[in-house]
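Down below is the structure, laid out as structure tokens.
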Amino acid sequence: MSIKIYVPRDSAAVALGANHLAKALQYAIASEGHDAIIVRNGSRGMHWLETLIEVETPEGRIAYGPVKAKDVEPLIEAGLLEGKSGHPLYLGPTEDIPFLKNQTRLTFARCGVIDPLSLTDYEAHGGLKGLRSALAMHAADIVKEVTDSGLRGRGGAGFPTGVKWNTVLHAKASQKYIVCNADEGDSATFADRMIMEGDPFVLIEGMAIAGLATGATKGYIFTRSEYPLAIEVFNKAITIAREAGILGSSVLGSHHAFDMELRVGAGAYVCGEETSLLNALEGKRGVVRSKPPLPALEGLFGKPTVVNNVISLASVPIILDEGAEYYRDFGMGRSRGTIPIQIAGNARHTGLYETAFGLTLGEIVEGIGGGTATGRPIKAAQVGGPLGAFFPPSMFDTPFDYEAFAARGGLIGHAGITVFDDSADMLKMARFAFEFCAVESCGKCTPCRIGSTRGVEVMDKIAAGIEPKKSLDLVTDLCNTMKFGSLCALGGFTPYPVMSAITHFPDDFVGSTKLEAAE
Amino acid sequence: MNIHNPLGGVELRALEIVRELKTLEGPLLPILHALHHEFGHIPQSVLPLIAKELNLSRAEVYGVLTFYHDFREDPAGRHVLKLCRAEACQSIGGEAFCNSVREALGIDWHETTPDGRVTLEPVFCLGLCSCAPAAMLDGELIGRADLAAVKAALAEAGR
């Protein structure tokens, strides 16, 4: 049998040269007449080691990384095809790498392991078991299972998924929809992208289960134009699933119908907000809608609609397969199950780490992340993307839990963490938060549309040392107005990065008066 | 343009695309994407025709077109270079990287080099936050990007 060599086709790996590497490897295999084939898998999530390639041996998969195209010849000479340890890029058995070994992979169990577009691989690794269980259940029982699992919306809001499904289940309508929010625009997040590229069938399965649970027969997945590879892989996966009878008029031979379509956004961050996303799907400007009515009752085209994040939906199959209790037993407090934490920016060990809720921020950033990539001291960790708060090291004892973060003036969001070293200027970051909000505001509500621009101006005043005390009071007041007066999280949460930067890093906000005083 | 005038080649091709996609639920974004892919931008002259086919006002179509950052009303350079300006990239030298590229190309955001070769666009997140800073040249991703990597990619992309 041919030797299998895994070379990821995940965007992060590709951005680091995986395609060139695959080509070089293919050429070497062919020209030297080795009996080996290359499988393009997803990423294992250890992105500082990308491109991480693996060789299948009788003792399991052996990893090498980070590998560049130029390393191919020396690696083969050192016994790559036999999984030998002679080369400096040898990492040993993949599963024994501490970063991977210590994870609890439920949602990402198959990501990086299988060929993303092989249904045979998918089923061999436990795929479709959740959907088969769901097909044998009443809709209300599926909803109950998801409710009992304690699964909460992984997009950031943390709303109980089962409760949302229940509302849609009991809504009367000729047509209902499942909308998957794959508009992953937050900096530091890439979990949705990794699922779409690395295990697309789990998301298809999760959406199909959501359809069975609520009586929806049509699904839309709305993703970003910035994710060309995810779009390509996911569209192929939909076609394969349709041909295999997982999607269509008869889901796995049952009397249930469910089909789906992928739609692509056009570079508007605000479309990650669910009502704005619905407008984009309808072909309108991506302007936020007022709630009520809830999308669960009047969503896409005015019909009852489940809007769930990719990770929420991709976590559903394992819940239906293993049961609500199995999932609920992981985690802490009201945060149940696992969360794929994404460690990004200036961290030594960047990548995706799926684990039960409850680790402290310090354990994640300093322990798992290994501190900064530059080797300088950590100044701050921004948790939850551009709308999340900056945490100083003195608050790294905060456990990763929705409520614990809220109590500390922050949010988990989509669980992305950006690490900053001591060269970061927090006034600049606070100004950027306002600037970003100004660029991306949909313009519907005044606090967000005008407040963001005024915020940039006031930050510039502080930087210039013009009435810093008065300006800081003004920003605080402005943030209050935005927080309580904005329709959605864009305007409403921009105060999180701004105020956390001001509160925890006051030395960065004294402006040039400090310089003047020193002169 | 007046819709009653004879349609040119661009408009006829646009009409084909619109008619092919108009049966979708919420067809406007897919239509704009398809037109953008075909022409490299959305020509003014196709707006009335989209409006007529979808039974929308021209203002509505124009409103959607201008809401989304991706859609251009004028052609870009032969290559489009996108540099990520978001936080994760900033945390590891993103701003200095962006400035070095702007300086090397001699253009600012949204501008095109005088020879029409490269258009520079900011982007807020390519999902490559774990190998930042990130860039994208015509859909090709570049992780841990620096000026040298961008120059190499541009050289490979050719004129």
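Just so we're on the same page: first chain in the structure tokens is A, next is B, and so on; residues restart at 1 for each chain, and ligands are numbered from 1 in the order they show up.
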
List the spatial neighbours of range 136-138 of chain B as a CSV table (one decimal) with C-alpha atoms, in the first residue's frame - criterion: any atom at most 6 Å away, only C-alpha atoms, same-chain residues fewer than 2 positions off excluded.
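Here's the written file out01.csv:
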```csv
chain,number,residue,atom,x,y,z
B,80,VAL,CA,-4.8,43.9,-6.5
B,81,LEU,CA,-2.6,43.7,-3.3
B,82,LYS,CA,-4.5,43.5,-0.1
B,140,GLU,CA,-2.8,34.3,-3.3
B,141,LEU,CA,-2.2,34.3,0.4
B,142,ILE,CA,1.0,35.4,2.0
```

Check: which chain B residues lie within 7 Å of chain A using only C-alpha atoms, as a list in words: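 Per the criterion, chain B yields Gly26, Pro27, Leu28, Leu29, Gly63, Val64, Phe67, Tyr68, His69, Asp70, Ala86, Glu87, Ala88, Cys89, Ser91, Ile92, Cys125, Leu126, Gly127, Leu128, Cys129, Ser130, Cys131, Ala132, Leu141, Ile142 and Gly143 of chain B.
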
Using only C-alpha atoms, which residues sit within 10 Å of Phe505 in chain A once same-chain residues fewer than 6 positions away are excluded, as a compact mmCIF listing (two decimals) with N, CA, C and O atoms, in the first residue's frame?
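Output contents, as saved in out.txt:
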```
# COMPACT_ATOMS: atom_id res chain seq x y z
N LYS A 379 2.30 42.70 27.06
CA LYS A 379 1.67 43.91 27.59
C LYS A 379 0.18 43.70 27.77
O LYS A 379 -0.40 44.12 28.77
N ALA A 380 -0.45 43.08 26.78
CA ALA A 380 -1.89 42.92 26.83
C ALA A 380 -2.33 41.76 25.95
O ALA A 380 -1.63 41.37 25.02
N PHE A 390 -9.04 44.70 26.19
CA PHE A 390 -7.62 44.40 26.39
C PHE A 390 -7.43 44.03 27.86
O PHE A 390 -7.82 44.78 28.75
N PHE A 391 -6.81 42.88 28.09
CA PHE A 391 -6.53 42.45 29.46
C PHE A 391 -5.04 42.60 29.75
O PHE A 391 -4.21 42.09 29.00
N PRO A 392 -4.69 43.27 30.86
CA PRO A 392 -3.28 43.33 31.27
C PRO A 392 -2.91 42.04 32.00
O PRO A 392 -3.80 41.34 32.49
N ASP A 425 1.28 50.36 21.67
CA ASP A 425 0.83 51.66 22.18
C ASP A 425 -0.68 51.59 22.30
O ASP A 425 -1.39 51.55 21.31
N MET A 426 -1.18 51.57 23.53
CA MET A 426 -2.60 51.32 23.74
C MET A 426 -3.47 52.50 23.30
O MET A 426 -4.64 52.31 22.98
N LEU A 427 -2.91 53.69 23.28
CA LEU A 427 -3.68 54.82 22.77
C LEU A 427 -3.94 54.60 21.27
O LEU A 427 -5.05 54.80 20.78
N MET A 499 -12.28 51.51 26.43
CA MET A 499 -12.27 51.77 27.88
C MET A 499 -11.30 50.86 28.62
O MET A 499 -10.68 51.27 29.60
```

When you draw a straight line from CA of Leu89 in chain A to CA of Gly65 in chain A, how long is it in Å?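 Separation between CA of Leu89 in chain A and CA of Gly65 in chain A: 5.2 Å.
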
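CA of Tyr64 in chain A is positioned 5.6 Å from CA of Leu52 in chain A.
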
Step one, run DSSP on the backbone; step two, keep only residues of chain B assigned to alpha helix (DSSP H); then write them as a PyMOL selection string. chain B and resi 9-21+28-39+47-54+58-67+87-90+94-105+147-157

Selection near range 36-46 of chain B, 10 Å with only C-alpha atoms, sequence-local residues under 5 positions removed, as a PyMOL selection string: chain B and resi 1-3+7-8+10-15+17-18+30-31+51+62+65+70-78

Output as a PyMOL selection string all residues of range 13-135 of chain B that backbone DSSP marks as strand (DSSP E or B). chain B and resi 79-84+112+118-123+135

Just the number, please: distance in Å from CA of Ala157 in chain A to CA of His414 in chain A, one decimal.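 Between CA of Ala157 in chain A and CA of His414 in chain A the gap works out to 8.6 Å.
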
Might you pull out every residue within 12 Å of Asp115 in chain B, with only C-alpha atoms counted and same-chain residues fewer than 3 positions away left off, and present them as a PDB file with N, CA, C and O atoms, in the first residue's frame?
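Resulting contents of part23.pdb:
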```pdb
ATOM      1  N   ALA B  76      -9.643  48.216 -11.370  1.00  0.00           N
ATOM      2  CA  ALA B  76      -8.443  48.254 -10.543  1.00  0.00           C
ATOM      3  C   ALA B  76      -7.222  48.098 -11.445  1.00  0.00           C
ATOM      4  O   ALA B  76      -7.347  47.953 -12.659  1.00  0.00           O
ATOM      5  N   GLY B  77      -6.043  48.127 -10.838  1.00  0.00           N
ATOM      6  CA  GLY B  77      -4.824  47.821 -11.586  1.00  0.00           C
ATOM      7  C   GLY B  77      -4.835  46.353 -11.993  1.00  0.00           C
ATOM      8  O   GLY B  77      -5.754  45.607 -11.656  1.00  0.00           O
ATOM      9  N   ARG B  78      -3.785  45.951 -12.697  1.00  0.00           N
ATOM     10  CA  ARG B  78      -3.772  44.565 -13.178  1.00  0.00           C
ATOM     11  C   ARG B  78      -3.640  43.570 -12.029  1.00  0.00           C
ATOM     12  O   ARG B  78      -4.053  42.422 -12.136  1.00  0.00           O
ATOM     13  N   HIS B  79      -3.052  43.999 -10.937  1.00  0.00           N
ATOM     14  CA  HIS B  79      -2.971  43.162  -9.734  1.00  0.00           C
ATOM     15  C   HIS B  79      -3.540  43.939  -8.554  1.00  0.00           C
ATOM     16  O   HIS B  79      -3.342  45.149  -8.457  1.00  0.00           O
ATOM     17  N   LEU B 105       5.827  51.020  -3.166  1.00  0.00           N
ATOM     18  CA  LEU B 105       4.980  51.173  -4.357  1.00  0.00           C
ATOM     19  C   LEU B 105       4.736  52.644  -4.685  1.00  0.00           C
ATOM     20  O   LEU B 105       4.302  52.985  -5.784  1.00  0.00           O
ATOM     21  N   GLY B 106       4.982  53.498  -3.703  1.00  0.00           N
ATOM     22  CA  GLY B 106       4.764  54.927  -3.909  1.00  0.00           C
ATOM     23  C   GLY B 106       3.303  55.309  -3.997  1.00  0.00           C
ATOM     24  O   GLY B 106       2.940  56.302  -4.617  1.00  0.00           O
ATOM     25  N   ILE B 107       2.441  54.501  -3.394  1.00  0.00           N
ATOM     26  CA  ILE B 107       1.007  54.818  -3.412  1.00  0.00           C
ATOM     27  C   ILE B 107       0.411  54.623  -2.025  1.00  0.00           C
ATOM     28  O   ILE B 107       0.991  53.951  -1.183  1.00  0.00           O
ATOM     29  N   GLU B 111      -5.148  53.341  -3.907  1.00  0.00           N
ATOM     30  CA  GLU B 111      -4.559  53.934  -5.108  1.00  0.00           C
ATOM     31  C   GLU B 111      -3.933  52.860  -5.994  1.00  0.00           C
ATOM     32  O   GLU B 111      -3.676  51.738  -5.552  1.00  0.00           O
ATOM     33  N   THR B 112      -3.695  53.252  -7.251  1.00  0.00           N
ATOM     34  CA  THR B 112      -3.078  52.352  -8.217  1.00  0.00           C
ATOM     35  C   THR B 112      -1.766  52.973  -8.693  1.00  0.00           C
ATOM     36  O   THR B 112      -1.696  54.193  -8.880  1.00  0.00           O
ATOM     37  N   VAL B 118      -0.425  47.794 -10.023  1.00  0.00           N
ATOM     38  CA  VAL B 118      -0.875  47.332  -8.700  1.00  0.00           C
ATOM     39  C   VAL B 118      -1.835  48.320  -8.042  1.00  0.00           C
ATOM     40  O   VAL B 118      -1.563  49.516  -8.007  1.00  0.00           O
ATOM     41  N   THR B 119      -2.930  47.789  -7.547  1.00  0.00           N
ATOM     42  CA  THR B 119      -3.832  48.572  -6.706  1.00  0.00           C
ATOM     43  C   THR B 119      -3.661  48.087  -5.277  1.00  0.00           C
ATOM     44  O   THR B 119      -3.613  46.876  -5.036  1.00  0.00           O
ATOM     45  N   ARG B 159       3.821  41.291 -15.127  1.00  0.00           N
ATOM     46  CA  ARG B 159       3.346  42.639 -15.392  1.00  0.00           C
ATOM     47  C   ARG B 159       1.866  42.749 -15.122  1.00  0.00           C
ATOM     48  O   ARG B 159       1.282  43.705 -14.863  1.00  0.00           O
TER      49      ARG B 159
END
```

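The residue set within 6 Å of range 94-99 of chain A, counting only C-alpha atoms and dropping same-chain residues fewer than 2 places from it, reads Arg61, Ile62, Ala63, Lys101 and Asn102 of chain A.
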
Just write the chosen residues, C-alpha atoms, as a short mmCIF file (atom, residue, chain, number, x, y, z; two decimals), in the first residue's frame.
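Wrote again.cif, looks like this:
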```cif
data_model
loop_
_atom_site.label_atom_id
_atom_site.label_comp_id
_atom_site.auth_asym_id
_atom_site.auth_seq_id
_atom_site.Cartn_x
_atom_site.Cartn_y
_atom_site.Cartn_z
CA ARG A 61 1.35 9.57 12.15
CA ILE A 62 4.75 11.22 12.45
CA ALA A 63 5.03 14.99 12.13
CA LYS A 101 -2.04 16.12 23.29
CA ASN A 102 -3.53 18.29 26.02
#
```

For range 133-148 of chain A, find every residue with an atom within 12 Å (counting only C-alpha atoms), except residues of its own chain fewer than 4 positions away, and show them as a ChimeraX atom specification. /A:127-129,152-153,159-170,205-216,246,250-257,312-313,315-329,334,336-337
